[in-house]
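Shown next, in structure tokens, is the structure this report addresses.
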Amino acid sequence: RQFRVTRDVLEVLARQGGLRITIITKSPLVTRDEDVLLRIAERSRLAVHVSLITVDRELARRLEPRASTPEARLRAIARLRRAGIVVAANVMPVLPKITDLASQLEALVTALKAADVSYAGMSTLRLRATARAQYLPFIEREFPALASRYRQAYSGGYQVREDYRSAVRERFTALCERVGVTYGYLVNDAAAVSGGAGGDVAQQMVLGV
């Protein structure tokens with residue numbers, strides 16, 4: 001925000017062509033660079049991915065205490081879409097027994113539809129060794145009733161069982177279809193839905209902001 005490093009990087013990219021650029025962010029500050037993003041989209045394939053796992057403000061505050069509110073992120077999606085920029089939602093990660101209820105996912109997908117999101121992707125929580133060392137103590141503090149279930153669920157690896165992952169994915173894709181939100185994976189981004197020019201993709205750059 002202060003040193004405008006990301007904007008400087010975007011300015012460099014705006015002078016190039018034929019790139020494939022994905023910006024991943026939780027911050028509505030991305031809208032500040034709308035003018036540069038539009039210049040990039042004229043010459044390259046561009047998609048902005050906004051991470052959003054719940055529209056429950058109080059729950060979001062517990063899960064991501066230093067991140068922007070869900071409402072602010074939805075407003076950012078809507079603003080960029082009005083400008084004609086491709087914007088995806090990363091519903092990542094879906095948290096077992098915390099954000100995976102059908103009612104929660106439906107509220108989220110409905111809000112994304114209202115914001116005119118270009119498409120949405122999802123994945124369930126993955127906990128590799130380093131993440132597990134930090135995240136499981138967080139669960140014990142914030143959701144103590146789930147602590148033992150989380151430890152058991154991730155005792156055999158960094159992912160929960162395949163049947164659970166499949167069930168959540170099917171629920172989410174069905175919701176997207178019913179509500180009218182295009183479902184897609186992160187790797188599919190702008191290649192399938194961007195209106196940007198640029199011909200053959202020369203390279204891909206991902207900016208995590």
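Identifiers in this document derive from the order of the structure tokens: chains are assigned A, B, ..., residues are numbered from 1 separately in each chain, and ligands are numbered from 1 in order of occurrence.
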
Q: Among the residues of range 115-184 of chain A, find those DSSP assigns to strand (DSSP E) from the backbone and print them as an MDAnalysis selection string.
A: chainID A and resid 119:124

Q: Taking the chain letters and numbering used in this document, name the residues of range 12-205 of chain A that DSSP puts in alpha helix (DSSP H), as an NGL selection string.
A: :A and (12-14 or 34-43 or 57-63 or 70-82 or 102-114 or 129-142 or 147-153 or 162-179 or 189-193)

Q) Leaving out Ala107 in chain A and any residue of its chain fewer than 6 positions from it, which residues lie within 12 Å of it when counting only C-alpha atoms, given as a ChimeraX atom specification? A) /A:52-56,70,99-101,113-114,172,175-176,179

What are the closest atom pairs, with distances in Å to one decimal, for all residues of range 75-131 of chain A lying within 12 Å of range 8-25 of chain A? Consider only C-alpha atoms, order rows by chain and residue number, and present the result as a tab-separated table.
```
residue	atom	partner	partner_atom	distance
A:Ala76	CA	A:Thr25	CA	10.7
A:Ile77	CA	A:Thr25	CA	11.0
A:Ile85	CA	A:Thr22	CA	11.7
A:Val86	CA	A:Thr22	CA	9.9
A:Val87	CA	A:Ile23	CA	9.4
A:Ala88	CA	A:Ile24	CA	9.3
A:Ala89	CA	A:Ile24	CA	9.4
A:Asn90	CA	A:Ile24	CA	8.6
A:Val91	CA	A:Ile24	CA	11.9
A:Met92	CA	A:Ile24	CA	11.5
```

Using all heavy atoms, can you export the residues from the last selection as a CSV table (one decimal), in the first residue's frame?
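Saved the output as selection33.csv:
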```csv
chain,number,residue,atom,x,y,z
A,76,ALA,N,-15.0,-5.7,-4.2
A,76,ALA,CA,-13.9,-5.6,-5.2
A,76,ALA,C,-14.1,-6.5,-6.4
A,76,ALA,O,-13.8,-6.1,-7.5
A,76,ALA,CB,-12.6,-6.1,-4.5
A,77,ILE,N,-14.7,-7.7,-6.2
A,77,ILE,CA,-15.0,-8.5,-7.4
A,77,ILE,C,-16.0,-7.8,-8.3
A,77,ILE,O,-15.8,-7.8,-9.5
A,77,ILE,CB,-15.6,-9.9,-6.9
A,77,ILE,CG1,-14.6,-10.7,-6.2
A,77,ILE,CG2,-16.2,-10.7,-8.1
A,77,ILE,CD1,-15.1,-12.0,-5.5
A,85,ILE,N,-12.9,-6.9,-16.2
A,85,ILE,CA,-11.8,-7.7,-15.9
A,85,ILE,C,-12.3,-9.1,-15.4
A,85,ILE,O,-13.2,-9.2,-14.7
A,85,ILE,CB,-11.0,-7.0,-14.8
A,85,ILE,CG1,-10.4,-5.7,-15.3
A,85,ILE,CG2,-9.8,-7.9,-14.3
A,85,ILE,CD1,-9.8,-4.8,-14.2
A,86,VAL,N,-11.6,-10.1,-15.9
A,86,VAL,CA,-11.9,-11.5,-15.4
A,86,VAL,C,-11.5,-11.6,-14.0
A,86,VAL,O,-10.4,-11.4,-13.6
A,86,VAL,CB,-11.1,-12.5,-16.3
A,86,VAL,CG1,-11.3,-13.9,-15.7
A,86,VAL,CG2,-11.6,-12.4,-17.7
A,87,VAL,N,-12.5,-12.0,-13.2
A,87,VAL,CA,-12.3,-12.2,-11.7
A,87,VAL,C,-12.8,-13.6,-11.3
A,87,VAL,O,-14.0,-13.9,-11.5
A,87,VAL,CB,-12.9,-11.1,-10.9
A,87,VAL,CG1,-12.5,-11.2,-9.4
A,87,VAL,CG2,-12.6,-9.7,-11.4
A,88,ALA,N,-11.9,-14.4,-10.7
A,88,ALA,CA,-12.3,-15.7,-10.2
A,88,ALA,C,-12.4,-15.6,-8.6
A,88,ALA,O,-11.8,-14.7,-8.0
A,88,ALA,CB,-11.4,-16.7,-10.6
A,89,ALA,N,-13.1,-16.5,-8.1
A,89,ALA,CA,-13.1,-16.7,-6.6
A,89,ALA,C,-12.4,-18.0,-6.2
A,89,ALA,O,-12.7,-19.0,-6.8
A,89,ALA,CB,-14.5,-16.7,-6.0
A,90,ASN,N,-11.5,-17.9,-5.3
A,90,ASN,CA,-10.8,-19.1,-4.8
A,90,ASN,C,-11.4,-19.5,-3.5
A,90,ASN,O,-11.2,-18.9,-2.5
A,90,ASN,CB,-9.3,-18.9,-4.6
A,90,ASN,CG,-8.5,-18.8,-5.9
A,90,ASN,OD1,-9.1,-19.1,-7.0
A,90,ASN,ND2,-7.3,-18.5,-5.8
A,91,VAL,N,-12.3,-20.4,-3.5
A,91,VAL,CA,-12.9,-20.9,-2.3
A,91,VAL,C,-12.0,-22.0,-1.7
A,91,VAL,O,-12.2,-23.2,-1.8
A,91,VAL,CB,-14.3,-21.5,-2.5
A,91,VAL,CG1,-15.0,-21.9,-1.2
A,91,VAL,CG2,-15.2,-20.4,-3.2
A,92,MET,N,-10.9,-21.5,-1.2
A,92,MET,CA,-9.8,-22.4,-0.8
A,92,MET,C,-9.1,-21.9,0.4
A,92,MET,O,-8.6,-20.7,0.4
A,92,MET,CB,-8.7,-22.4,-2.0
A,92,MET,CG,-9.3,-22.8,-3.3
A,92,MET,SD,-8.0,-22.6,-4.6
A,92,MET,CE,-9.0,-23.0,-6.1
```

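Proximity to Leu146 in chain A at 10 Å, evaluated using only C-alpha atoms and with sequence-adjacent residues fewer than 6 positions away removed, yields A:Pro96, A:Lys97, A:Ile98, A:Leu136, A:Ile139, A:Glu140.
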
Restrict the selected residues to all heavy atoms and save them as an mmCIF file, in the first residue's frame.
```
data_model
loop_
_atom_site.group_PDB
_atom_site.id
_atom_site.type_symbol
_atom_site.label_atom_id
_atom_site.label_comp_id
_atom_site.auth_asym_id
_atom_site.auth_seq_id
_atom_site.Cartn_x
_atom_site.Cartn_y
_atom_site.Cartn_z
ATOM 1 N N PRO A 96 -13.265 -28.510 6.936
ATOM 2 C CA PRO A 96 -14.219 -29.509 7.424
ATOM 3 C C PRO A 96 -14.909 -29.071 8.712
ATOM 4 O O PRO A 96 -14.264 -28.618 9.657
ATOM 5 C CB PRO A 96 -13.342 -30.747 7.662
ATOM 6 C CG PRO A 96 -12.194 -30.581 6.718
ATOM 7 C CD PRO A 96 -11.928 -29.095 6.679
ATOM 8 N N LYS A 97 -16.223 -29.175 8.714
ATOM 9 C CA LYS A 97 -17.067 -28.877 9.867
ATOM 10 C C LYS A 97 -17.034 -27.401 10.282
ATOM 11 O O LYS A 97 -17.582 -27.044 11.322
ATOM 12 C CB LYS A 97 -16.683 -29.745 11.081
ATOM 13 C CG LYS A 97 -16.756 -31.241 10.824
ATOM 14 C CD LYS A 97 -18.154 -31.676 10.433
ATOM 15 C CE LYS A 97 -18.224 -33.181 10.195
ATOM 16 N NZ LYS A 97 -19.584 -33.616 9.796
ATOM 17 N N ILE A 98 -16.408 -26.555 9.468
ATOM 18 C CA ILE A 98 -16.341 -25.125 9.782
ATOM 19 C C ILE A 98 -16.943 -24.300 8.659
ATOM 20 O O ILE A 98 -17.789 -23.435 8.902
ATOM 21 C CB ILE A 98 -14.888 -24.681 10.067
ATOM 22 C CG1 ILE A 98 -14.328 -25.440 11.263
ATOM 23 C CG2 ILE A 98 -14.819 -23.164 10.300
ATOM 24 C CD1 ILE A 98 -12.871 -25.138 11.557
ATOM 25 N N LEU A 136 -3.156 -26.938 13.443
ATOM 26 C CA LEU A 136 -3.839 -27.755 14.451
ATOM 27 C C LEU A 136 -3.902 -27.064 15.814
ATOM 28 O O LEU A 136 -4.944 -27.124 16.479
ATOM 29 C CB LEU A 136 -3.176 -29.133 14.548
ATOM 30 C CG LEU A 136 -3.376 -30.032 13.309
ATOM 31 C CD1 LEU A 136 -2.706 -31.379 13.518
ATOM 32 C CD2 LEU A 136 -4.857 -30.198 12.985
ATOM 33 N N ILE A 139 -6.792 -24.701 15.619
ATOM 34 C CA ILE A 139 -8.079 -25.387 15.777
ATOM 35 C C ILE A 139 -8.348 -25.671 17.258
ATOM 36 O O ILE A 139 -9.476 -25.508 17.743
ATOM 37 C CB ILE A 139 -8.111 -26.693 14.963
ATOM 38 C CG1 ILE A 139 -8.095 -26.389 13.458
ATOM 39 C CG2 ILE A 139 -9.329 -27.538 15.324
ATOM 40 C CD1 ILE A 139 -9.349 -25.702 12.956
ATOM 41 N N GLU A 140 -7.321 -26.068 17.977
ATOM 42 C CA GLU A 140 -7.493 -26.354 19.401
ATOM 43 C C GLU A 140 -7.919 -25.113 20.171
ATOM 44 O O GLU A 140 -8.718 -25.193 21.110
ATOM 45 C CB GLU A 140 -6.196 -26.921 19.973
ATOM 46 C CG GLU A 140 -5.873 -28.317 19.474
ATOM 47 C CD GLU A 140 -4.538 -28.817 20.005
ATOM 48 O OE1 GLU A 140 -3.802 -28.014 20.612
ATOM 49 O OE2 GLU A 140 -4.226 -30.008 19.798
#
```

Q: Name all residues at most 7 Å from Tyr183 in chain A (count only C-alpha atoms; drop same-chain ones fewer than 4 positions away) and give them as a list of chain:residue names.
A: A:Tyr119, A:Ala120, A:Gly121, A:Thr173, A:Cys176

(Q) Just want the 10 Å neighbourhood of range 156-162 of chain A, counted on only C-alpha atoms, with same-chain residues fewer than 4 positions away dropped. Output as a PyMOL selection string. (A) chain A and resi 96+124-129+131-132+150-152+166-168
